[in-house]
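Colleague: Let me begin by handing over the structure; questions about it come next.
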Amino acid sequence: MQNILDILKERGLLDNVTSENVKEALKSPVTVYAGFDPSSESLQVGNFVTIMALGHFQRCGHKVIAVVGGATGMIGDPSGRTGERSLLSVEQIEHNQVGISENLSRFLDFKHSTAPARIVNNYDWLGQFSFITFLRDIGKHFRMGVMLGKESVRARLESESGMSFTEFSYQMLQAYDFLKLYDDHGCTFQIGGSDQWGNITAGTDLIRKLRGIEAYGVTLPLVCDSTGQKFGKSEGNAIYLDHRKTSYYDFYQFFVRTADADAARFLRIFTFLPLSEIRQYEEQVKKEPEKREAQKRLAEEVTRMVHGERGLKVAVRASSVLFGEAMDDLRAEDLMDIFANVPSVELPDSKVAGAGVIDVAVMSGLCKSKGEARRLVESGGLYVNNRRVDGIQSVIKPADIVDNRVVVLRSGKKTYHLLKVT
RNA sequence: GGUGGGGUACUCAAGUGGCCAACGAGGGCAGACUGUAAAUCUGCUGGCUAACGCCUUCGAGGGUUCGAAUCCUUCCCCCACCA
């Protein structure tokens with residue numbers, strides 16, 4: 001079997017390794033882990049790089065462990081951050097852990113014959129420590145010089161915002177995670193984004209000191225698009241894996257809108273398609289960029305992986321309707337189905353028919369305030385059932401309510417909200 | 001603990017008594033052009049209002065003043081140096 005390290009490299013998923021022995025160590029099955037921070041109730045496409053890497057590891061016969069940071073999430077990882085973050089409440093973190101675990105369960109194979117995946121929560125071990133015990137048993141093995149030298153610490157100390165002791169201590173916790181996973185599961189590999197380098201090496205150092213063996217780290221690149229923007233944001237919002245936060249349609253569309261220059265690279269990173277096939281798409285993008293074949297395939301593959309055939313079907317159908325056919329001959333049934341995952345509100349008929357289009361835009365949640373709605377209409381960006389609203393005085397006519405049940409509101413080219421009339 | 005610097009809208013950052021809902025930049029939203037791409041250009045970017053205008057906002061609370069983001073005072077927080 002091909003060495004996992006080569007696979008990561010040829011797919012653009014490799015940034016750095018902690019030791020030159022990494023490739024050798026990967027020739028036989030190992031146990032590898034990656035951590036996920038419960039700072040949000042759902043993972044985002046930004047987490048995809050790590051998830052894909054774990055997937056490749058598992059496909060190569062290695063055991064994978066996903067760690068949900070129930071404890072570390074309470075402290076806050078300073079890596080890659082320019083300022084201290086505000087603490088989340090315990091309830092929020094607990095709530096988020098559930099969502100993250102659910103997300104992860106869609107990618108990892110727990111029934112794998114030889115290398116079933118597992119999900120663990122570091123609160124289970126870190127939550128038990130007393131402060132004194134931790135400082136005596138673990139803290140004693142950390143040297144100030146090394147800790148201060150970490151990029152995550154240095155950058156912050158040099159900045160205006162500084163850093164609290166709480167965040168400074170973070171690296172010890174993540175290092176302990178690695179040690180614990182080594183003890184309990186024989187885990188000798190950790191993977192993570194390139195910003196995790198400091199935390200990962202803190203772990204390999206700790207294991208070397210306390211167990212006398214070499215543990216390894218592999219970092220993954222920070223994926224940016226061709227304009228240098230960090231991958232994973234659309235219109236300033238993160239793209240979530242939870243369909244309640246990012247609809248099937250929006251999720252699919254995010255990938256369809258990938259720039260030509262990024263299409264092939266993203267296919268390598270975010271899908272398991274064979275490289276030979278990806279090369280064909282690469283040619284296709286050069287010859288007939290306007291067809292967007294590569295982007296469509298990318299969106300299809302990723303959406304299927306995250307939302308299954310059903311989610312994909314909904315997204316594709318919605319896309320073809322919204323970008324092709326007119327909406328006029330569609331029934332309420334169809335619209336409800338197509339927009340099943342678009343934000344919607346239910347309102348009584350009395351509040352919709354005859355209501356000003358400005359009020360309706362606000363009620364539906366499409367605009368945050370009347371002022372915003374007014375400005376949107378004035379710039380010609382508000383549509384009712386895909387027809388541009390031509391003035392702030394416009395009202396919703398009974399005929400605008402499709403089958404007396406639904407009104408489709410749109411802001412600009414891509415943001416839809418649904419009004420269900422009851 | 002001492003000394004000095006700082007906290008302004010989503011972010012950075014001007015503003016040091018009325019011309020300030022607050023310069024500018026970035027971001028965001030929308031429009032035009034396009035291929036649902038990129039680049040470019042244009043408008044908007046606290047709330048309410050059709051509009052005149054009104055209301056809330058410059059770390060928090062008091063105060064001075066006809067009038068405060070700007071002055072005084074107390075408190076909170078951050079940074080640097082010293083201890």
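Please note that chains go A, B, ... in the order of the structure tokens, that every chain numbers its residues from 1, and that ligands are numbered from 1 in the order shown.
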Taking only C-alpha atoms (C1' of nucleotides) into account, report as a PyMOL selection string which residues of chain A lie within 6 Å of chain B.
Modeller: chain A and resi 160+259-260+290+379+381
Colleague: Please give the complete set of residues from segment 101-135 of chain A that DSSP, run on the backbone, assigns to alpha helix (DSSP H), formatted as a ChimeraX atom specification.
Modeller: /A:101-105,123-126,131-135
Colleague: Find the residues around Leu222 of chain A up to 12 Å (only C-alpha atoms (C1' of nucleotides) counted), leave out those fewer than 5 positions away in its own chain, and share them as number ranges by chain.
Modeller: A: 12-16, 46-50, 80, 192-197, 228-232, 269
Colleague: Got time to write the residues from that selection, N, CA and C atoms, as a JSON list (two decimals), in the first residue's frame?
Modeller:
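Result file follows (selection17.json):
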[["chain", "number", "residue", "atom", "x", "y", "z"],
["A", 12, "GLY", "N", -1.73, 17.70, -1.86],
["A", 12, "GLY", "CA", -1.64, 19.07, -1.33],
["A", 12, "GLY", "C", -2.13, 19.17, 0.09],
["A", 13, "LEU", "N", -2.00, 18.07, 0.83],
["A", 13, "LEU", "CA", -2.49, 18.07, 2.20],
["A", 13, "LEU", "C", -1.36, 18.03, 3.22],
["A", 14, "LEU", "N", -0.13, 18.21, 2.72],
["A", 14, "LEU", "CA", 1.00, 18.12, 3.64],
["A", 14, "LEU", "C", 1.69, 19.47, 3.78],
["A", 15, "ASP", "N", 1.90, 19.85, 5.03],
["A", 15, "ASP", "CA", 2.61, 21.09, 5.29],
["A", 15, "ASP", "C", 3.99, 20.79, 5.85],
["A", 16, "ASN", "N", 4.03, 20.06, 6.95],
["A", 16, "ASN", "CA", 5.30, 19.83, 7.61],
["A", 16, "ASN", "C", 5.23, 18.58, 8.50],
["A", 46, "GLY", "N", -13.89, 24.80, 6.92],
["A", 46, "GLY", "CA", -12.49, 25.01, 7.26],
["A", 46, "GLY", "C", -11.88, 23.81, 7.97],
["A", 47, "ASN", "N", -12.72, 23.05, 8.66],
["A", 47, "ASN", "CA", -12.23, 21.86, 9.36],
["A", 47, "ASN", "C", -12.02, 20.68, 8.41],
["A", 48, "PHE", "N", -12.41, 20.88, 7.18],
["A", 48, "PHE", "CA", -12.39, 19.81, 6.21],
["A", 48, "PHE", "C", -11.01, 19.25, 5.92],
["A", 49, "VAL", "N", -10.02, 20.14, 5.94],
["A", 49, "VAL", "CA", -8.67, 19.68, 5.63],
["A", 49, "VAL", "C", -8.26, 18.59, 6.60],
["A", 50, "THR", "N", -8.52, 18.85, 7.87],
["A", 50, "THR", "CA", -8.16, 17.87, 8.89],
["A", 50, "THR", "C", -8.99, 16.60, 8.75],
["A", 80, "GLY", "N", -2.82, 31.15, 16.23],
["A", 80, "GLY", "CA", -3.41, 31.78, 15.06],
["A", 80, "GLY", "C", -4.38, 32.90, 15.39],
["A", 192, "GLY", "N", -2.80, 18.20, 12.47],
["A", 192, "GLY", "CA", -3.53, 19.43, 12.72],
["A", 192, "GLY", "C", -3.10, 20.49, 11.73],
["A", 193, "GLY", "N", -3.77, 21.60, 11.75],
["A", 193, "GLY", "CA", -3.42, 22.70, 10.86],
["A", 193, "GLY", "C", -2.02, 23.21, 11.18],
["A", 194, "SER", "N", -1.47, 23.98, 10.24],
["A", 194, "SER", "CA", -0.09, 24.44, 10.45],
["A", 194, "SER", "C", 0.02, 25.32, 11.69],
["A", 195, "ASP", "N", -1.08, 25.94, 12.09],
["A", 195, "ASP", "CA", -1.02, 26.76, 13.31],
["A", 195, "ASP", "C", -0.91, 25.91, 14.56],
["A", 196, "GLN", "N", -1.05, 24.61, 14.39],
["A", 196, "GLN", "CA", -0.99, 23.72, 15.54],
["A", 196, "GLN", "C", 0.42, 23.21, 15.84],
["A", 197, "TRP", "N", 1.37, 23.64, 15.04],
["A", 197, "TRP", "CA", 2.74, 23.16, 15.18],
["A", 197, "TRP", "C", 3.22, 23.23, 16.64],
["A", 228, "GLY", "N", -5.91, 34.60, -1.95],
["A", 228, "GLY", "CA", -5.22, 34.68, -0.67],
["A", 228, "GLY", "C", -6.15, 34.68, 0.54],
["A", 229, "GLN", "N", -7.44, 34.52, 0.27],
["A", 229, "GLN", "CA", -8.39, 34.50, 1.39],
["A", 229, "GLN", "C", -8.42, 33.11, 2.00],
["A", 230, "LYS", "N", -8.58, 33.08, 3.30],
["A", 230, "LYS", "CA", -8.69, 31.81, 3.99],
["A", 230, "LYS", "C", -9.94, 31.09, 3.49],
["A", 231, "PHE", "N", -9.78, 29.83, 3.18],
["A", 231, "PHE", "CA", -10.88, 29.04, 2.64],
["A", 231, "PHE", "C", -11.98, 28.84, 3.70],
["A", 232, "GLY", "N", -13.21, 28.91, 3.23],
["A", 232, "GLY", "CA", -14.29, 28.50, 4.12],
["A", 232, "GLY", "C", -15.28, 29.56, 4.51],
["A", 269, "ILE", "N", -7.77, 18.25, -2.61],
["A", 269, "ILE", "CA", -7.81, 18.36, -1.15],
["A", 269, "ILE", "C", -9.11, 17.84, -0.56]]
Colleague: Just want the 9 Å neighbourhood of Val342 of chain A, counted on only C-alpha atoms (C1' of nucleotides), with same-chain residues fewer than 4 positions away dropped. Output as an MDAnalysis selection string.
Modeller: chainID A and resid 244 246:250 338 415:418
Colleague: If you measure from atom CA of Arg118 of chain A to atom CA of Arg11 of chain A, what distance in Å do you get, rounded to one decimal?
Modeller: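 So the answer is 24.8 Å.
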Colleague: Point out the residue among B:A51, B:U70, B:C41, B:C82 with the least atom-to-atom distance to G4 of chain B, counting only C-alpha atoms (C1' of nucleotides).
Modeller: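 Under the stated criterion, the closest residue is B:C82.
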Colleague: Looking at only C-alpha atoms, which of A:Leu298, A:Leu330, A:Leu335, A:Val421 is the one that sits closest to Ser364 of chain A?
Modeller: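 Checking each of A:Leu298, A:Leu330, A:Leu335, A:Val421 against Ser364 of chain A, counting only C-alpha atoms, the winner is A:Val421.
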Colleague: Using only C-alpha atoms, pick whichever of A:Gly354, A:Gly61, A:Leu409, A:Phe165 has the shortest atom-to-atom distance to Ser394 of chain A.
Modeller: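 Among A:Gly354, A:Gly61, A:Leu409, A:Phe165, it is A:Gly354 that comes nearest to Ser394 of chain A.
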Colleague: Would you list the contacts of segment 209-213 of chain A as a PyMOL selection string, taking every protein, DNA or RNA residue within 12 Å and counting only C-alpha atoms (C1' of nucleotides), but skipping same-chain residues closer than 4 positions in sequence?
Modeller: chain A and resi 137-138+140-143+175-176+178-180+182-183+186-189+202-205
Colleague: Can you list, as a ChimeraX atom specification, all residues belonging to segment 243-361 of chain A that DSSP tags as strand (DSSP E or B)?
Modeller: /A:344-347,356
Colleague: What does the distance from atom CA of Arg156 of chain A to atom CA of Thr82 of chain A come to in Å, to one decimal?
Modeller: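 A separation of 6.3 Å between them.
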